[in-house]
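K.L.:
The structure follows.
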Amino acid sequence: MVQDSSITPKGLRFISLKGAGGREPNVHLVGRGEGGKLLLDCGRVGRPGKSSEAVALLEAKGEVPGAVWVSHVHADHVGALDELVARWPKMDVWMTRQSRDLLPFALMSQGVARERAEAIALKVKIAPWRVAVEVMPGVRLTALGAGHMPGAAMALVAFEGSEDDRAPGGRDVARVLYTGDFCAHDQVWVGGAELPRMGAGELDLLVMEATLANEAKLDAVEYGEEVQRIKALLSERGGAVLAGASALGEGAELAMILGEICQGRSPGLMVDAYMRPVLEAMRREAAGEGPLAVGVQQNLELLKGLRYGSRRELRAHLEAGGVALAVGDQFQKNTTAGALLALLREDPTATLLVSNRAHRSSPAGKLLARARQESAGSSAASGTSVKGGASATGGTSATGGTSAKGGARVLHALLPTHALRWQLLAVAGQLQPSQIALIHARDGARFALKRALQKEGFEGAIHVAASGEWLDL
């Protein structure tokens, strides 16, 4: 993976206005020379309705984006779009068709009025899959599947340079790959990331997320095996099941996993009606050319047969022993999953399904911690060891699930939607870019990945810049 960073054309500039570190909204700019710059995502974090920093950050740098690319519709990547469009109404907004279909729902979930959200979606220009389109004068963008969630795409951006920008030898195109959030493995619905075919050094800059760079323990998780494990555990016994999920996160995956388990079961699966717009957008997506996982037609039939219910209907369904998928990935008190938790928490015949990272202070994290402690206590009393163990921060969950004493069984599903550490190393090895900028993770995680890349033999520049710091490449 040996590279000579001197071949990068002069004049290429990149900055993370926000989003270099973890838990920050993604607001990145890339350009070449004195030409216009492309805004890569326009995220916001915090409570719905809270003002974002995106416009203020751009104005503080004296920058007016020539266009904006939205990699996917999670709030930390698209939450500031309303304010951005209000400030620069003539600015072109680009994303995939699937992301455009989900955009009104995503914006409304952030407090934007329906009419306004739908008007912004109508403004969006569609980037077709795997076909280069001119998004600004002299700038062409190719959307490639990113995995992660429906509609998510990497952006391969080619900047044409002026005579003054040309590197020795006459090369006049600078190429940047912005991964956004991605994962290399197939998920239940979305296929894994699609990487461009490029020779060593042809890619001038790889802007790569590093969210799971320091989670080496997750490298042991094999997505397909984890799906089968959860299916087996949920199928081995009856009783009510409550799964909490984010509507734009694991909700879609869990809907199909639970839908398959519940075929022939009565009462079967009922899904929170709040998730319906997302799942119906996925049904429409199946007719397109997006990167979908193997077996999507079988899952499409499951989507068509889903039943939806209000909070009251979900409660009645659980009381009858059914399976419910409700909004609230952490079982937060102000969510449907949180409101339904009390119904099953002390029921020894019931199962509570927590997916991916559960924050220690959240109800989901406390459920896992309590179950783990009581499982360890029971094992110590009987003189046996615990195999596995549910974790509030990730890792291998208990082989058979754990139960709070006298309460519901707790299962922890690890279904990563970001690139695992080994995948990040493999992507850099396959693409062999001239330089890498690591973003979207804590400094410790980014520096750990930098060291791992260097250990693998990468000799080009690896940038771990702070938000607000220009990189002149």
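Labeling convention for the structure tokens: chains A, B, ... as they appear, residues from 1 per chain, ligands from 1 in order of appearance.
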Any idea what's packed within 8 Å of Val45 (chain A), counting only C-alpha atoms, ignoring anything in its chain fewer than 5 positions away? Could you give it as a count of residues only?
P.N.:
7
K.L.:
Show which residues sit within 6 Å of Ala441 (chain A), as JSON, numbers by chain. Count only C-alpha atoms, and ignore same-chain residues fewer than 2 positions away.
P.N.:
{"A": [21, 22, 210, 211, 439]}
K.L.:
Kindly indicate which residue among A:Thr336, A:Leu107, A:Gly151, A:Thr349 lies nearest to Glu313 (chain A), using only C-alpha atoms for the distances.
P.N.:
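Checking each candidate against Glu313 (chain A), we get A:Thr336 as the closest.
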K.L.:
Could you name the residues that touch Gly192 (chain A) at 7 Å or less, counting only C-alpha atoms, but leaving out those on the same chain fewer than 2 positions away, as a list in words?
P.N.:
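Result of the neighbour search: Ala146, Gly147, Cys183, Ala184, His185, Asp186, Val190 and Glu194 of chain A.
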K.L.:
Can you spit out the residues from that selection as a PDB file, in the first residue's frame, using C-alpha atoms?
P.N.:
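Result file follows (result-v4.pdb):
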ATOM      1  CA  ALA A 146     -22.531   2.877   0.628  1.00  0.00           C
ATOM      2  CA  GLY A 147     -24.566   0.268   2.511  1.00  0.00           C
ATOM      3  CA  CYS A 183     -20.335  -0.528   5.593  1.00  0.00           C
ATOM      4  CA  ALA A 184     -18.808  -3.163   3.345  1.00  0.00           C
ATOM      5  CA  HIS A 185     -21.055  -6.082   4.309  1.00  0.00           C
ATOM      6  CA  ASP A 186     -24.535  -6.789   2.983  1.00  0.00           C
ATOM      7  CA  VAL A 190     -29.101  -2.912   1.525  1.00  0.00           C
ATOM      8  CA  GLU A 194     -19.509  -0.331  -3.978  1.00  0.00           C
TER       9      GLU A 194
END
K.L.:
Between CA of Ala428 (chain A) and CA of Asp181 (chain A), what distance in Å does the model show, to one decimal?
P.N.:
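Between CA of Ala428 (chain A) and CA of Asp181 (chain A) the gap works out to 15.1 Å.
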K.L.:
Tell me, as a PyMOL selection string, which residues lie within 10 Å of Gly19 (chain A), counting only C-alpha atoms; anything in the same chain fewer than 4 positions away does not count.
P.N.:
chain A and resi 15+23-28+41-44+76-77+209+439-442+466-468
